[in-house]
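Take a look at the structure below.
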Amino acid sequence: MPVKATAVVKTVQKVSSTRAFARIAPYVLPSLDRAVHRLTRGKVLLSAQLLPGVVLTARGAKSGQPRRTPLACMPEGAAGEGSWLLIGSNFGRTGHPAWTANLLAHPDAEVSWKGEDIPVRARLLEGAEREAAWKALLAFWPPYATYQSRVEREIRIFRIVRR
């Protein structure tokens with residue numbers, strides 16, 4: 001289900017597609033999200049006021065230490081009751097985000113979804129399944145197309161499901 005295209009959403013989509021946003025957002029938004037999420041005991045995720053979001057806790061690919069990352073997501077099914085899509089857009093920056101390597105190395109993780117901690121298993125989507133997910137994600141949040149156009153890498157898409 002696409003995000004409702006209000007004037008505010010359209011403005012945010014336009015701003016989030018800029019290169020300046022891609023340079024600044026990765027340093028500012030996750031820190032704000034983590035702080036608000038911690039202060040509200042997992043009930044509020046600042047970025048989720050616009051897009052649905054989770055806080056992913058996955059073990060580091062090399063360290064094995066828990067890494068908490070606030071992420072936009074696309075719930076699948078009835079309001080995220082079964083699975084979610086996570087997109088490794090990295091705001092259209094060159095490299096894959098670290099959390100994607102963490103999930104590749106350790107697919108069993110946990111998400112905080114609307115204040116509930118949920119054990120999940122992640123799977124990297126490929127082929128026709130990835131293409132179908134990509135189409136759904138573009139309908140959900142069109143700026144992902146701009147992010148992909150800026151990079152040579154294929155943006156990773158994961159489906160996470162409750163374990």
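A note on labels: chains of the structure tokens are A, B, ... as shown, every chain counts residues from 1, and ligands are counted from 1 in their shown order.
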
Please identify every residue of segment 37-70 of chain A that has at least one atom no farther than 12 Å from an atom of segment 136-160 of chain A, counting only C-alpha atoms, and for each give the shortest atom pair and the distance in Å to one decimal, arranged by chain then increasing number, as a Markdown table.
| residue | atom | partner | partner_atom | distance |
| --- | --- | --- | --- | --- |
| A:Leu50 | CA | A:Trp141 | CA | 10.6 |
| A:Leu51 | CA | A:Trp141 | CA | 8.6 |
| A:Pro52 | CA | A:Phe140 | CA | 10.5 |
| A:Val54 | CA | A:Ile160 | CA | 11.1 |
| A:Leu56 | CA | A:Ile160 | CA | 10.2 |
| A:Ala58 | CA | A:Ile160 | CA | 11.8 |

Just the selected residues (C-alpha atoms), exported as a tab-separated table (two decimals), in the first residue's frame, please.
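The new file selection_2.tsv reads:
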chain	number	residue	atom	x	y	z
A	50	LEU	CA	6.04	9.51	7.72
A	51	LEU	CA	7.02	5.98	6.73
A	52	PRO	CA	6.52	2.78	8.70
A	54	VAL	CA	11.39	-0.73	12.68
A	56	LEU	CA	16.49	-3.78	13.59
A	58	ALA	CA	21.19	-7.81	14.19

Find the residues of segment 6-76 of chain A that sit at most 6 Å from segment 82-100 of chain A; for each, write down the nearest two atoms and how far apart they are in Å, to one decimal. Count only C-alpha atoms. Sort by chain, then by number going up, and give it as a tab-separated table.
residue	atom	partner	partner_atom	distance
A:Ala22	CA	A:Phe91	CA	5.0
A:Cys73	CA	A:Leu86	CA	5.1
A:Met74	CA	A:Leu85	CA	5.0
A:Pro75	CA	A:Trp84	CA	4.3
A:Glu76	CA	A:Trp84	CA	5.3

(request) Using atom CA of Ala105 of chain A and atom CA of Thr57 of chain A as the two end points, give the distance in Å to one decimal. (result) 13.3 Å

(request) Select from segment 61-162 of chain A everything DSSP, run on the backbone, classes as alpha helix (DSSP H), then give the selection as a PyMOL selection string. (result) chain A and resi 98-105+127-140+143-150

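Closest to Gly60 of chain A among A:Ala20, A:Ile118, A:Val111, A:Ala101 is A:Ala101, based on only C-alpha atoms.
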
(message) Taking 5 positions as the minimum chain separation for residues in the same chain, which residues sit within 12 Å of Pro30 of chain A when counting only C-alpha atoms? Answer as a count of residues only.
(response) 20

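Across the model, the gap from atom CA of Gly115 of chain A to atom CA of Arg41 of chain A is 7.2 Å.
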
(request) Taking the DSSP assignment computed from this structure's backbone, write out as a ChimeraX atom specification all residues of segment 12-140 of chain A that belong to strand (DSSP E). (result) /A:53-59,66-72,74-76,83-88,108-113,116-124

Serialized selection, C-alpha atoms, as a JSON list (two decimals), in the first residue's frame:
[["chain", "number", "residue", "atom", "x", "y", "z"],
["A", 53, "GLY", "CA", 9.69, 1.86, 10.53],
["A", 54, "VAL", "CA", 11.39, -0.73, 12.68],
["A", 55, "VAL", "CA", 14.51, -0.80, 14.78],
["A", 56, "LEU", "CA", 16.49, -3.78, 13.59],
["A", 57, "THR", "CA", 18.80, -5.52, 16.04],
["A", 58, "ALA", "CA", 21.19, -7.81, 14.19],
["A", 59, "ARG", "CA", 24.55, -9.24, 15.16],
["A", 66, "PRO", "CA", 24.27, -6.53, 18.59],
["A", 67, "ARG", "CA", 23.78, -3.56, 16.26],
["A", 68, "ARG", "CA", 20.61, -1.46, 16.45],
["A", 69, "THR", "CA", 19.55, 0.30, 13.27],
["A", 70, "PRO", "CA", 16.36, 2.30, 12.72],
["A", 71, "LEU", "CA", 14.99, 1.53, 9.25],
["A", 72, "ALA", "CA", 12.03, 2.42, 7.10],
["A", 74, "MET", "CA", 7.18, -1.81, 4.07],
["A", 75, "PRO", "CA", 4.82, -4.02, 6.06],
["A", 76, "GLU", "CA", 3.36, -6.93, 4.12],
["A", 83, "SER", "CA", 6.50, -9.90, 7.27],
["A", 84, "TRP", "CA", 8.19, -6.69, 6.23],
["A", 85, "LEU", "CA", 10.43, -5.58, 3.38],
["A", 86, "LEU", "CA", 13.66, -3.79, 4.26],
["A", 87, "ILE", "CA", 15.52, -1.94, 1.53],
["A", 88, "GLY", "CA", 19.26, -1.29, 1.68],
["A", 108, "ASP", "CA", 18.25, -14.35, 12.70],
["A", 109, "ALA", "CA", 17.56, -10.92, 14.17],
["A", 110, "GLU", "CA", 14.96, -8.93, 16.07],
["A", 111, "VAL", "CA", 12.84, -5.91, 15.19],
["A", 112, "SER", "CA", 11.06, -3.45, 17.40],
["A", 113, "TRP", "CA", 7.72, -2.81, 15.70],
["A", 116, "GLU", "CA", 6.89, -4.89, 20.39],
["A", 117, "ASP", "CA", 10.17, -6.82, 20.13],
["A", 118, "ILE", "CA", 9.76, -9.53, 17.50],
["A", 119, "PRO", "CA", 12.27, -12.26, 16.61],
["A", 120, "VAL", "CA", 12.65, -12.42, 12.82],
["A", 121, "ARG", "CA", 14.57, -14.22, 10.11],
["A", 122, "ALA", "CA", 15.84, -12.26, 7.11],
["A", 123, "ARG", "CA", 16.20, -13.44, 3.54],
["A", 124, "LEU", "CA", 17.82, -11.54, 0.67]]

(request) Mind giving me the straight-line distance from atom CA of Gln65 of chain A to atom CA of Glu126 of chain A in Å, one decimal? (result)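 Rounded to one decimal, the two atoms are 27.3 Å apart.
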
(request) Between A:Val15, A:Val8, A:Val44, A:Ala128, single out the one closest to Lys114 of chain A, counting only C-alpha atoms. (result) A:Val44

(message) Ranking A:Leu125, A:Gly42, A:Leu32, A:Gln13 by minimum distance to Leu104 of chain A and counting only C-alpha atoms, which one comes first?
(response) A:Leu125
